[in-house]
file data.cif (mmCIF, C-alpha atoms)
data_upload
loop_
_atom_site.label_atom_id
_atom_site.label_comp_id
_atom_site.auth_asym_id
_atom_site.auth_seq_id
_atom_site.Cartn_x
_atom_site.Cartn_y
_atom_site.Cartn_z
CA MET K 1 182.94 18.87 50.21
CA THR K 2 183.90 15.20 50.06
CA ASP K 3 187.59 14.44 49.67
CA ALA K 4 188.26 12.85 46.31
CA PRO K 5 189.45 9.21 46.46
CA PHE K 6 192.31 9.81 44.00
CA HIS K 7 195.57 11.73 44.05
CA SER K 8 196.86 11.36 40.50
CA PRO K 9 195.38 11.08 37.02
CA GLU K 10 196.37 7.41 37.03
CA GLU K 11 194.52 6.75 40.30
CA PHE K 12 191.45 8.49 38.89
CA ALA K 13 191.51 6.26 35.80
CA ALA K 14 191.93 3.11 37.89
CA MET K 15 189.08 4.14 40.18
CA LEU K 16 186.60 4.22 37.30
CA ALA K 17 186.62 0.43 37.00
CA THR K 18 185.65 0.11 40.70
CA LEU K 19 182.53 2.28 40.58
CA PRO K 20 179.10 0.67 41.14
CA ALA K 21 177.10 -0.90 38.34
CA ALA K 22 173.38 -0.55 37.71
CA ASN K 23 170.93 -2.43 39.92
CA HIS K 24 169.79 -5.28 37.70
CA SER K 25 167.02 -6.37 40.07
CA ALA K 26 165.50 -2.89 39.88
CA ALA K 27 165.86 -2.94 36.09
CA GLU K 28 164.07 -6.28 35.84
CA ALA K 29 161.27 -5.14 38.15
CA ALA K 30 160.89 -1.87 36.21
CA SER K 31 160.76 -3.80 32.95
CA GLU K 32 158.08 -6.08 34.40
CA ARG K 33 156.07 -3.07 35.54
CA ASN K 34 156.45 -1.47 32.12
CA GLY K 35 154.89 -4.54 30.54
CA MET K 36 151.78 -4.19 32.73
CA LEU K 37 151.05 -0.50 32.12
CA THR K 38 147.89 0.63 30.33
CA LYS K 39 149.35 0.98 26.84
CA PRO K 40 150.26 -1.27 23.95
CA PRO K 41 153.73 -2.81 24.30
CA GLY K 42 156.39 -0.35 23.17
CA ALA K 43 153.86 2.42 22.51
CA LEU K 44 155.92 4.99 24.40
CA GLY K 45 159.00 4.13 22.40
CA ARG K 46 162.28 5.32 23.79
CA LEU K 47 160.59 6.78 26.86
CA GLU K 48 160.10 3.23 28.10
CA ASP K 49 163.80 2.42 27.76
CA LEU K 50 164.73 5.68 29.50
CA ALA K 51 162.49 4.96 32.46
CA ILE K 52 163.90 1.46 32.92
CA TRP K 53 167.46 2.77 32.60
CA TYR K 54 166.76 5.46 35.19
CA ALA K 55 165.17 2.94 37.55
CA SER K 56 168.22 0.70 37.30
CA TRP K 57 170.50 3.46 38.54
CA ARG K 58 168.15 4.68 41.26
CA GLY K 59 167.64 1.14 42.54
CA THR K 60 163.85 1.19 42.50
CA PRO K 61 161.32 -0.08 39.95
CA ARG K 62 159.07 2.95 40.43
CA PRO K 63 161.40 5.98 40.63
CA ARG K 64 160.73 9.72 40.54
CA VAL K 65 162.85 12.67 39.43
CA GLU K 66 162.63 15.18 42.24
CA ARG K 67 166.11 16.64 42.84
CA PRO K 68 167.92 17.40 39.56
CA GLN K 69 171.23 19.21 39.88
CA VAL K 70 172.90 21.40 37.25
CA ILE K 71 176.56 22.36 37.73
CA VAL K 72 178.37 24.84 35.49
CA PHE K 73 182.17 24.82 35.59
CA ALA K 74 184.20 27.70 34.17
CA GLY K 75 187.85 27.77 33.11
CA ASN K 76 190.18 29.80 30.94
CA HIS K 77 192.44 28.43 28.22
CA GLY K 78 195.94 29.54 27.31
CA VAL K 79 195.41 28.41 23.73
CA THR K 80 193.21 31.48 23.15
CA ALA K 81 196.51 33.32 22.59
CA GLN K 82 196.52 31.56 19.20
CA GLY K 83 193.41 33.42 18.06
CA VAL K 84 191.01 30.47 18.09
CA SER K 85 187.93 32.27 19.43
CA ALA K 86 185.71 35.08 18.26
CA PHE K 87 185.57 36.39 21.85
CA PRO K 88 188.32 37.39 24.32
CA ALA K 89 189.05 35.34 27.44
CA GLU K 90 187.59 38.09 29.66
CA VAL K 91 184.14 36.94 28.57
CA THR K 92 184.52 33.84 30.77
CA VAL K 93 184.68 36.00 33.90
CA GLN K 94 181.82 38.16 32.68
CA MET K 95 179.63 35.15 31.99
CA VAL K 96 180.33 33.66 35.41
CA ALA K 97 178.96 36.89 36.89
CA ASN K 98 175.94 36.52 34.62
CA PHE K 99 175.37 32.95 35.84
CA GLU K 100 175.64 34.08 39.44
CA ALA K 101 173.15 36.88 38.78
CA GLY K 102 170.68 34.45 37.18
CA GLY K 103 170.82 36.03 33.74
CA ALA K 104 172.05 33.24 31.47
CA ALA K 105 170.09 30.70 29.45
CA ILE K 106 171.09 27.88 31.78
CA ASN K 107 169.61 29.76 34.74
CA GLN K 108 166.23 29.90 33.04
CA LEU K 109 166.37 26.28 31.88
CA SER K 110 167.48 25.00 35.29
CA ARG K 111 164.68 26.88 37.02
CA LEU K 112 162.12 25.57 34.55
CA ALA K 113 163.31 21.99 35.10
CA GLY K 114 163.19 22.36 38.88
CA ALA K 115 166.94 21.88 39.12
CA GLU K 116 169.30 23.28 41.72
CA MET K 117 172.07 25.11 39.85
CA SER K 118 175.54 26.10 40.99
CA VAL K 119 178.57 27.69 39.29
CA HIS K 120 182.20 26.83 39.98
CA ALA K 121 184.94 29.05 38.54
CA LEU K 122 188.32 27.32 38.40
CA ASP K 123 191.35 29.63 38.64
CA LEU K 124 190.12 32.03 35.98
CA ASP K 125 193.07 34.33 36.66
CA SER K 126 195.47 31.51 35.77
CA PRO K 127 194.57 30.05 32.36
CA THR K 128 195.85 26.63 31.38
CA GLN K 129 199.03 26.60 29.33
CA ASP K 130 198.90 27.06 25.56
CA PHE K 131 198.86 23.44 24.39
CA THR K 132 200.74 24.29 21.20
CA GLN K 133 203.75 24.82 23.50
CA GLY K 134 203.28 21.80 25.78
CA PRO K 135 200.66 20.21 28.07
CA ALA K 136 197.79 22.46 29.11
CA MET K 137 197.93 21.10 32.67
CA ASP K 138 200.36 19.12 34.74
CA GLY K 139 199.08 16.18 36.77
CA GLY K 140 198.53 18.26 39.89
CA ALA K 141 196.40 20.85 38.12
CA CYS K 142 194.37 18.13 36.42
CA VAL K 143 193.73 16.30 39.71
CA ALA K 144 192.71 19.55 41.41
CA ALA K 145 190.13 20.20 38.69
CA LEU K 146 188.87 16.60 38.78
CA ALA K 147 188.51 16.92 42.55
CA THR K 148 186.56 20.17 42.20
CA GLY K 149 184.08 18.37 39.98
CA TRP K 150 183.94 15.38 42.32
CA GLY K 151 183.19 17.58 45.30
CA ALA K 152 180.56 19.70 43.53
CA VAL K 153 178.05 16.87 43.19
CA ASP K 154 175.24 16.75 45.75
CA PRO K 155 174.89 13.10 46.87
CA SER K 156 171.18 13.68 47.48
CA ALA K 157 170.56 14.67 43.85
CA ASP K 158 168.70 12.18 41.68
CA LEU K 159 169.82 13.49 38.28
CA LEU K 160 172.90 15.44 37.16
CA VAL K 161 173.65 17.81 34.28
CA VAL K 162 177.13 19.32 33.95
CA GLY K 163 177.81 22.34 31.79
CA GLU K 164 180.70 24.69 31.14
CA MET K 165 181.88 28.14 30.24
CA GLY K 166 185.35 28.83 28.89
CA ILE K 167 186.44 30.86 25.90
CA GLY K 168 188.55 28.55 23.74
CA ASN K 169 187.08 25.33 25.05
CA THR K 170 185.72 24.05 21.74
CA THR K 171 189.35 24.03 20.55
CA SER K 172 190.32 22.07 23.64
CA ALA K 173 187.44 19.62 23.16
CA ALA K 174 188.27 19.13 19.48
CA ALA K 175 191.90 18.40 20.33
CA ILE K 176 190.80 15.81 22.90
CA ALA K 177 188.58 14.14 20.30
CA ALA K 178 191.31 14.15 17.67
CA ALA K 179 193.80 12.60 20.08
CA LEU K 180 191.43 9.91 21.34
CA LEU K 181 189.58 9.10 18.13
CA GLY K 182 192.10 9.96 15.42
CA GLY K 183 192.00 12.44 12.58
CA THR K 184 193.26 15.97 12.14
CA GLY K 185 192.23 19.34 13.44
CA ALA K 186 190.11 19.89 10.35
CA ASP K 187 188.09 16.76 11.16
CA TRP K 188 187.11 18.00 14.60
CA ALA K 189 187.27 21.79 14.64
CA GLY K 190 183.98 23.67 14.50
CA ARG K 191 182.97 27.29 14.54
CA GLY K 192 182.48 27.41 18.31
CA THR K 193 181.58 30.97 19.26
CA GLY K 194 181.27 31.88 15.58
CA VAL K 195 184.70 32.11 13.96
CA ASP K 196 184.82 32.86 10.22
CA ASP K 197 186.39 30.59 7.60
CA ALA K 198 189.87 31.93 8.25
CA GLY K 199 189.36 31.45 11.98
CA LEU K 200 188.20 27.88 11.41
CA ARG K 201 191.34 27.11 9.42
CA ARG K 202 193.46 28.68 12.13
CA LYS K 203 191.68 26.58 14.75
CA ALA K 204 192.41 23.37 12.83
CA GLU K 205 196.08 24.33 12.47
CA VAL K 206 196.35 25.04 16.20
CA ILE K 207 194.87 21.63 17.03
CA ASP K 208 197.33 19.93 14.69
CA ALA K 209 200.21 21.83 16.30
CA GLY K 210 199.05 20.70 19.72
CA LEU K 211 198.77 17.08 18.61
CA ALA K 212 202.33 17.22 17.29
CA LYS K 213 203.65 18.80 20.49
CA ASN K 214 201.96 16.50 23.00
CA PRO K 215 202.57 12.76 22.59
CA TRP K 216 200.38 10.69 24.87
CA ARG K 217 200.03 7.12 26.10
CA ALA K 218 196.81 7.04 28.12
CA PRO K 219 193.46 8.89 28.00
CA MET K 220 194.33 10.86 31.12
CA ASP K 221 197.46 12.12 29.33
CA VAL K 222 195.12 13.56 26.72
CA LEU K 223 193.05 15.31 29.37
CA CYS K 224 196.19 16.85 30.87
CA SER K 225 197.61 17.79 27.48
CA PHE K 226 194.56 19.44 25.95
CA GLY K 227 191.85 19.81 28.57
CA GLY K 228 190.71 22.88 30.37
CA ARG K 229 190.10 22.85 34.07
CA GLU K 230 186.36 22.99 33.44
CA ILE K 231 186.55 19.92 31.19
CA ALA K 232 188.44 17.99 33.86
CA ALA K 233 185.92 19.14 36.47
CA MET K 234 183.06 17.82 34.34
CA ALA K 235 184.83 14.46 34.12
CA GLY K 236 185.22 14.41 37.89
CA ALA K 237 181.56 15.24 38.45
CA ILE K 238 180.35 12.57 36.00
CA ALA K 239 182.48 9.99 37.83
CA ARG K 240 181.19 11.11 41.24
CA ALA K 241 177.62 10.77 40.00
CA ARG K 242 178.37 7.15 39.11
CA ALA K 243 179.75 6.57 42.60
CA GLU K 244 176.50 7.92 44.08
CA GLY K 245 174.12 6.12 41.69
CA ILE K 246 173.02 9.42 40.12
CA PRO K 247 172.08 9.23 36.41
CA VAL K 248 173.64 11.87 34.16
CA ILE K 249 172.36 13.67 31.07
CA LEU K 250 175.33 14.69 28.94
CA ASP K 251 175.34 18.07 27.24
CA GLY K 252 177.01 18.94 23.94
CA PHE K 253 180.43 18.94 22.31
CA ILE K 254 182.54 20.04 25.27
CA CYS K 255 180.79 17.95 27.90
CA SER K 256 181.06 14.98 25.53
CA ALA K 257 184.82 15.50 25.28
CA ALA K 258 185.04 15.17 29.07
CA ALA K 259 182.87 12.06 28.91
CA LEU K 260 184.97 10.63 26.07
CA VAL K 261 188.03 10.60 28.31
CA LEU K 262 186.11 8.47 30.82
CA HIS K 263 184.84 6.20 28.06
CA LYS K 264 188.38 5.64 26.80
CA CYS K 265 189.58 4.85 30.32
CA ASP K 266 186.77 2.30 30.79
CA PRO K 267 184.09 1.58 28.16
CA ALA K 268 181.52 0.97 30.95
CA ALA K 269 182.25 4.28 32.70
CA LEU K 270 179.34 6.05 31.01
CA ASP K 271 176.64 3.43 31.54
CA HIS K 272 174.89 5.85 33.91
CA CYS K 273 174.79 8.56 31.21
CA VAL K 274 172.51 9.41 28.30
CA ALA K 275 173.17 12.04 25.63
CA GLY K 276 170.83 14.98 26.04
CA HIS K 277 171.12 16.41 22.55
CA LEU K 278 173.05 16.61 19.30
CA SER K 279 174.97 19.87 19.15
CA GLU K 280 175.18 22.04 16.06
CA GLU K 281 178.97 21.81 16.49
CA GLY K 282 179.56 19.56 13.50
CA ALA K 283 181.77 16.83 14.96
CA HIS K 284 179.59 16.17 17.99
CA GLY K 285 177.74 13.36 16.26
CA ALA K 286 180.97 11.46 15.61
CA MET K 287 181.90 11.82 19.27
CA LEU K 288 178.51 10.45 20.36
CA ASP K 289 178.84 7.57 17.90
CA ALA K 290 182.20 6.67 19.40
CA MET K 291 180.57 6.48 22.84
CA GLU K 292 177.51 4.67 21.44
CA LYS K 293 175.17 7.37 22.74
CA SER K 294 172.03 8.32 20.83
CA PRO K 295 170.90 11.90 21.56
CA LEU K 296 167.44 12.57 22.97
CA LEU K 297 167.06 15.88 21.12
CA SER K 298 168.38 17.63 18.03
CA LEU K 299 167.50 21.31 18.19
CA GLY K 300 170.49 22.99 16.56
CA LEU K 301 171.85 24.14 19.92
CA ARG K 302 175.50 25.13 20.34
CA LEU K 303 175.48 27.28 23.45
CA GLY K 304 177.06 24.96 25.98
CA GLU K 305 176.43 25.82 29.64
CA GLY K 306 174.56 22.51 30.00
CA SER K 307 171.65 24.05 28.12
CA GLY K 308 170.77 21.16 25.81
CA ALA K 309 170.96 18.62 28.62
CA ALA K 310 168.79 20.87 30.81
CA VAL K 311 166.10 20.86 28.13
CA ALA K 312 166.38 17.07 27.99
CA ILE K 313 165.59 16.84 31.71
CA HIS K 314 161.96 17.29 30.68
CA ILE K 315 162.16 14.27 28.38
CA LEU K 316 163.49 12.10 31.19
CA LYS K 317 160.90 13.46 33.59
CA ALA K 318 158.19 12.57 31.07
CA ALA K 319 159.54 9.04 30.77
CA VAL K 320 159.70 8.51 34.53
CA ALA K 321 156.32 10.15 35.18
CA CYS K 322 154.59 7.82 32.75
CA HIS K 323 156.41 4.76 34.04
CA SER K 324 155.83 5.43 37.73
CA GLY K 325 152.49 7.19 37.55
CA MET K 326 150.49 5.19 35.04
CA ALA K 327 148.11 2.48 36.23
CA THR K 328 148.63 -1.15 35.37
CA PHE K 329 145.91 -2.99 33.48
CA ALA K 330 144.88 -4.68 36.71
CA GLU K 331 144.77 -1.42 38.66
CA ALA K 332 142.69 0.33 36.00
CA GLY K 333 140.36 -2.58 35.40
CA VAL K 334 141.27 -2.55 31.71
CA SER K 335 141.55 -5.77 29.75
CA ASP K 336 145.06 -6.37 28.43
CA GLY K 337 143.77 -8.61 25.69
#
call {"tool": "encode", "arguments": {"input": "data.cif", "output": "structure tokens"}}
result
Amino acid sequence: MTDAPFHSPEEFAAMLATLPAANHSAAEAASERNGMLTKPPGALGRLEDLAIWYASWRGTPRPRVERPQVIVFAGNHGVTAQGVSAFPAEVTVQMVANFEAGGAAINQLSRLAGAEMSVHALDLDSPTQDFTQGPAMDGGACVAALATGWGAVDPSADLLVVGEMGIGNTTSAAAIAAALLGGTGADWAGRGTGVDDAGLRRKAEVIDAGLAKNPWRAPMDVLCSFGGREIAAMAGAIARARAEGIPVILDGFICSAAALVLHKCDPAALDHCVAGHLSEEGAHGAMLDAMEKSPLLSLGLRLGEGSGAAVAIHILKAAVACHSGMATFAEAGVSDG
């Protein structure tokens, strides 16, 4: 495991601005190649843009997707004591065992996409603090979770998906969004694991109570105040992928909350990311709009685990396969008009 190059939330935020940018020479060469392929200009629509974007981060005009990685982080949330979930916190531990046994949806989707999958449980026996009473994590706990995410990324991967498991984490994600983007708990709370109308109202009230209890000055304060360890770990992994030139497909509502923290630290921090899908969790679209990310898919998914992003791996693979595998007009002996 690589030691993380940060020792405080503030150092992590400052580091984001130092991470590598896309390779513009590769992007230009990929765009030139795209213009010579045996198809009418723009005929493959957004697939063309995806392929060029991917090429720019892999540093080659003719890339391939051969080593996708899927990482699932799991954490428990003290705010579940406020009755915000339809399931008890013990389910997090049980689902981690299911992941490890290969029985979850993300296991099937990772296998189908040819992705190497791993699961990282973060101190499940020690939930974060109830954020209605104060910050969910202190700086040390937040840095430890960020570092877990940083160290979980395989530098030899050529595509990354990060997912999560944590009962109560839609409440955490909604609180992060409310703090960073404004609004009340009612604007951001969704049904998560399936709470009823009364549960949804309770969830909104809990978020509002947390917002009132936790004043903040910087985006990393928000992550410490409301985030779960698994959300911080996702943020760390997304940042590490940028450091390694690995493109990222973002998953749904909770993954996007982790990404939103990075975006608020540095608007360019997510240039290596695309949004895999639009979650059924109602406020996800507003979060994506704030990050200027247009989802690849909209399938009514709300499972988490990285599942929607894992499905979107196939879309990116299709884009790259066409871009890198198609013949040019000259190669095929076809007139380009």
call {"tool": "atom_distance", "arguments": {"input": "data.cif", "atom1": "atom CA of K:Ser126", "atom2": "atom CA of K:Gly149"}}
result
17.9 Å
call {"tool": "atom_distance", "arguments": {"input": "data.cif", "atom1": "atom CA of K:Ala179", "atom2": "atom CA of K:Val119"}}
result
28.8 Å
call {"tool": "residues_around", "arguments": {"input": "data.cif", "residues": "stretch 255-271 of chain K", "least_positions_apart": "3", "cutoff": "7 Å", "atoms": "all atoms listed in the file", "output": "list in words"}}
result
Ala13, Leu16, Ala17, Gly163, Ala173, Ile176, Ala177, Pro219, Met220, Leu223, Ile231, Ala232, Met234, Ala235, Leu250, Asp251, Gly252 and Met291 of chain K
call {"tool": "atom_distance", "arguments": {"input": "data.cif", "atom1": "atom CA of K:Gly245", "atom2": "atom CA of K:Val162"}}
result
15.6 Å
call {"tool": "axis_aligned_box", "arguments": {"input": "data.cif", "around": "stretch 89-106 of chain K", "padding_each_side": "3 Å", "output": "lines of an AutoDock Vina configuration file"}}
result
center_x = 179.6
center_y = 33.0
center_z = 33.4
size_x = 25.0
size_y = 16.3
size_z = 18.0
call {"tool": "resolve_selection", "arguments": {"input": "data.cif", "expression": "the PyMOL selection byres ((chain K and resi 25) around 12)", "output": "list in words"}}
result
Ala21, Ala22, Asn23, His24, Ala26, Ala27, Glu28, Ala29, Ala30, Ser31, Glu32, Ile52, Trp53, Ala55, Ser56, Trp57, Arg58, Gly59, Thr60 and Pro61 of chain K
call {"tool": "residues_around", "arguments": {"input": "data.cif", "residues": "stretch 133-148 of chain K", "least_positions_apart": "6", "cutoff": "8 Å", "atoms": "all atoms listed in the file", "output": "ChimeraX atom specification"}}
result
/K:3-4,6-9,78,122,210,213-214,223-230,232-237
call {"tool": "residues_around", "arguments": {"input": "data.cif", "residues": "K:Val153", "least_positions_apart": "5", "cutoff": "9 Å", "atoms": "all atoms listed in the file", "output": "list in words"}}
result
Met1, Gln69, Ile71, Leu160, Ala237, Ile238, Arg240 and Ala241 of chain K
call {"tool": "closest_residue", "arguments": {"input": "data.cif", "among": "K:Gly276, K:Pro215, K:Gly192, K:Pro88", "to": "K:Phe131", "atoms": "all atoms listed in the file"}}
result
K:Pro215
call {"tool": "closest_residue", "arguments": {"input": "data.cif", "among": "K:Gly83, K:Gly182, K:Gly75, K:Pro40", "to": "K:Ala121", "atoms": "all atoms listed in the file"}}
result
K:Gly75
call {"tool": "closest_residue", "arguments": {"input": "data.cif", "among": "K:Ala105, K:Leu316, K:Met95, K:Val248", "to": "K:Arg302", "atoms": "all atoms listed in the file"}}
result
K:Ala105
call {"tool": "resolve_selection", "arguments": {"input": "data.cif", "expression": "the PyMOL selection byres ((chain K and resi 184) around 12)", "output": "list of chain:residue names"}}
result
K:Ala174, K:Ala175, K:Ile176, K:Ala177, K:Ala178, K:Ala179, K:Leu180, K:Leu181, K:Gly182, K:Gly183, K:Gly185, K:Ala186, K:Asp187, K:Trp188, K:Ala189, K:Arg201, K:Lys203, K:Ala204, K:Glu205, K:Val206, K:Ile207, K:Asp208, K:Ala209, K:Gly210, K:Leu211, K:Ala212, K:Ala283
call {"tool": "write_last_selection", "arguments": {"input": "data.cif", "atoms": "C-alpha atoms", "output": "tab-separated table (two decimals), in the coordinates of the input"}}
result
chain	number	residue	atom	x	y	z
K	174	ALA	CA	188.27	19.13	19.48
K	175	ALA	CA	191.90	18.40	20.33
K	176	ILE	CA	190.80	15.81	22.90
K	177	ALA	CA	188.58	14.14	20.30
K	178	ALA	CA	191.31	14.15	17.67
K	179	ALA	CA	193.80	12.60	20.08
K	180	LEU	CA	191.43	9.91	21.34
K	181	LEU	CA	189.58	9.10	18.13
K	182	GLY	CA	192.10	9.96	15.42
K	183	GLY	CA	192.00	12.44	12.58
K	185	GLY	CA	192.23	19.34	13.44
K	186	ALA	CA	190.11	19.89	10.35
K	187	ASP	CA	188.09	16.76	11.16
K	188	TRP	CA	187.11	18.00	14.60
K	189	ALA	CA	187.27	21.79	14.64
K	201	ARG	CA	191.34	27.11	9.42
K	203	LYS	CA	191.68	26.58	14.75
K	204	ALA	CA	192.41	23.37	12.83
K	205	GLU	CA	196.08	24.33	12.47
K	206	VAL	CA	196.35	25.04	16.20
K	207	ILE	CA	194.87	21.63	17.03
K	208	ASP	CA	197.33	19.93	14.69
K	209	ALA	CA	200.21	21.83	16.30
K	210	GLY	CA	199.05	20.70	19.72
K	211	LEU	CA	198.77	17.08	18.61
K	212	ALA	CA	202.33	17.22	17.29
K	283	ALA	CA	181.77	16.83	14.96
call {"tool": "resolve_selection", "arguments": {"input": "data.cif", "expression": "the PyMOL selection byres ((chain K and resi 111) around 12)", "output": "ChimeraX atom specification"}}
result
/K:67-70,102-110,112-118,307,310-311,313-314
call {"tool": "closest_residue", "arguments": {"input": "data.cif", "among": "K:Val65, K:Val320, K:Leu37, K:Leu19", "to": "K:Asp336", "atoms": "only C-alpha atoms"}}
result
K:Leu37
call {"tool": "closest_residue", "arguments": {"input": "data.cif", "among": "K:Thr128, K:Ser279, K:Ser294, K:Ser85", "to": "K:Leu50", "atoms": "only C-alpha atoms"}}
result
K:Ser294
call {"tool": "closest_residue", "arguments": {"input": "data.cif", "among": "K:Ala290, K:Ala74, K:Ala312, K:Leu44", "to": "K:His120", "atoms": "all atoms listed in the file"}}
result
K:Ala74
call {"tool": "decode", "arguments": {"input": "data.cif", "residues": "stretch 171-188 of chain K", "atoms": "N, CA, C and O atoms", "output": "mmCIF file, in the first residue's frame"}}
result
data_model
loop_
_atom_site.group_PDB
_atom_site.id
_atom_site.type_symbol
_atom_site.label_atom_id
_atom_site.label_comp_id
_atom_site.auth_asym_id
_atom_site.auth_seq_id
_atom_site.Cartn_x
_atom_site.Cartn_y
_atom_site.Cartn_z
ATOM 1 N N THR K 171 -28.279 9.420 4.122
ATOM 2 C CA THR K 171 -28.468 10.584 4.995
ATOM 3 C C THR K 171 -27.184 11.397 5.058
ATOM 4 O O THR K 171 -27.202 12.632 4.967
ATOM 5 N N SER K 172 -26.074 10.728 5.192
ATOM 6 C CA SER K 172 -24.776 11.394 5.197
ATOM 7 C C SER K 172 -24.538 12.142 3.890
ATOM 8 O O SER K 172 -24.127 13.314 3.884
ATOM 9 N N ALA K 173 -24.803 11.476 2.774
ATOM 10 C CA ALA K 173 -24.582 12.094 1.459
ATOM 11 C C ALA K 173 -25.492 13.303 1.257
ATOM 12 O O ALA K 173 -25.072 14.325 0.705
ATOM 13 N N ALA K 174 -26.742 13.186 1.699
ATOM 14 C CA ALA K 174 -27.672 14.308 1.556
ATOM 15 C C ALA K 174 -27.239 15.497 2.403
ATOM 16 O O ALA K 174 -27.364 16.652 1.981
ATOM 17 N N ALA K 175 -26.702 15.228 3.585
ATOM 18 C CA ALA K 175 -26.220 16.314 4.432
ATOM 19 C C ALA K 175 -25.015 17.005 3.798
ATOM 20 O O ALA K 175 -24.893 18.237 3.852
ATOM 21 N N ILE K 176 -24.125 16.225 3.184
ATOM 22 C CA ILE K 176 -22.980 16.807 2.477
ATOM 23 C C ILE K 176 -23.460 17.720 1.356
ATOM 24 O O ILE K 176 -22.980 18.845 1.190
ATOM 25 N N ALA K 177 -24.440 17.240 0.588
ATOM 26 C CA ALA K 177 -24.958 18.042 -0.527
ATOM 27 C C ALA K 177 -25.620 19.319 -0.027
ATOM 28 O O ALA K 177 -25.423 20.401 -0.599
ATOM 29 N N ALA K 178 -26.395 19.206 1.034
ATOM 30 C CA ALA K 178 -27.077 20.382 1.574
ATOM 31 C C ALA K 178 -26.067 21.414 2.068
ATOM 32 O O ALA K 178 -26.235 22.629 1.851
ATOM 33 N N ALA K 179 -25.013 20.950 2.728
ATOM 34 C CA ALA K 179 -24.003 21.878 3.226
ATOM 35 C C ALA K 179 -23.251 22.558 2.087
ATOM 36 O O ALA K 179 -23.016 23.771 2.119
ATOM 37 N N LEU K 180 -22.896 21.806 1.064
ATOM 38 C CA LEU K 180 -22.063 22.342 -0.016
ATOM 39 C C LEU K 180 -22.849 23.105 -1.078
ATOM 40 O O LEU K 180 -22.312 24.003 -1.724
ATOM 41 N N LEU K 181 -24.112 22.725 -1.248
ATOM 42 C CA LEU K 181 -24.895 23.321 -2.344
ATOM 43 C C LEU K 181 -26.066 24.166 -1.860
ATOM 44 O O LEU K 181 -26.714 24.829 -2.668
ATOM 45 N N GLY K 182 -26.334 24.138 -0.567
ATOM 46 C CA GLY K 182 -27.439 24.922 -0.022
ATOM 47 C C GLY K 182 -28.738 24.146 0.002
ATOM 48 O O GLY K 182 -28.863 23.067 -0.582
ATOM 49 N N GLY K 183 -29.713 24.685 0.694
ATOM 50 C CA GLY K 183 -31.012 24.027 0.804
ATOM 51 C C GLY K 183 -31.169 23.365 2.162
ATOM 52 O O GLY K 183 -30.308 23.447 3.044
ATOM 53 N N THR K 184 -32.291 22.699 2.310
ATOM 54 C CA THR K 184 -32.634 22.055 3.573
ATOM 55 C C THR K 184 -32.597 20.539 3.412
ATOM 56 O O THR K 184 -32.423 20.017 2.308
ATOM 57 N N GLY K 185 -32.810 19.864 4.520
ATOM 58 C CA GLY K 185 -32.860 18.414 4.465
ATOM 59 C C GLY K 185 -33.917 17.905 3.511
ATOM 60 O O GLY K 185 -33.704 16.913 2.798
ATOM 61 N N ALA K 186 -35.047 18.576 3.459
ATOM 62 C CA ALA K 186 -36.130 18.142 2.572
ATOM 63 C C ALA K 186 -35.740 18.242 1.106
ATOM 64 O O ALA K 186 -36.256 17.487 0.264
ATOM 65 N N ASP K 187 -34.838 19.144 0.766
ATOM 66 C CA ASP K 187 -34.402 19.294 -0.623
ATOM 67 C C ASP K 187 -33.531 18.133 -1.079
ATOM 68 O O ASP K 187 -33.472 17.827 -2.275
ATOM 69 N N TRP K 188 -32.853 17.493 -0.141
ATOM 70 C CA TRP K 188 -31.829 16.516 -0.506
ATOM 71 C C TRP K 188 -32.112 15.096 -0.040
ATOM 72 O O TRP K 188 -31.556 14.147 -0.585
#
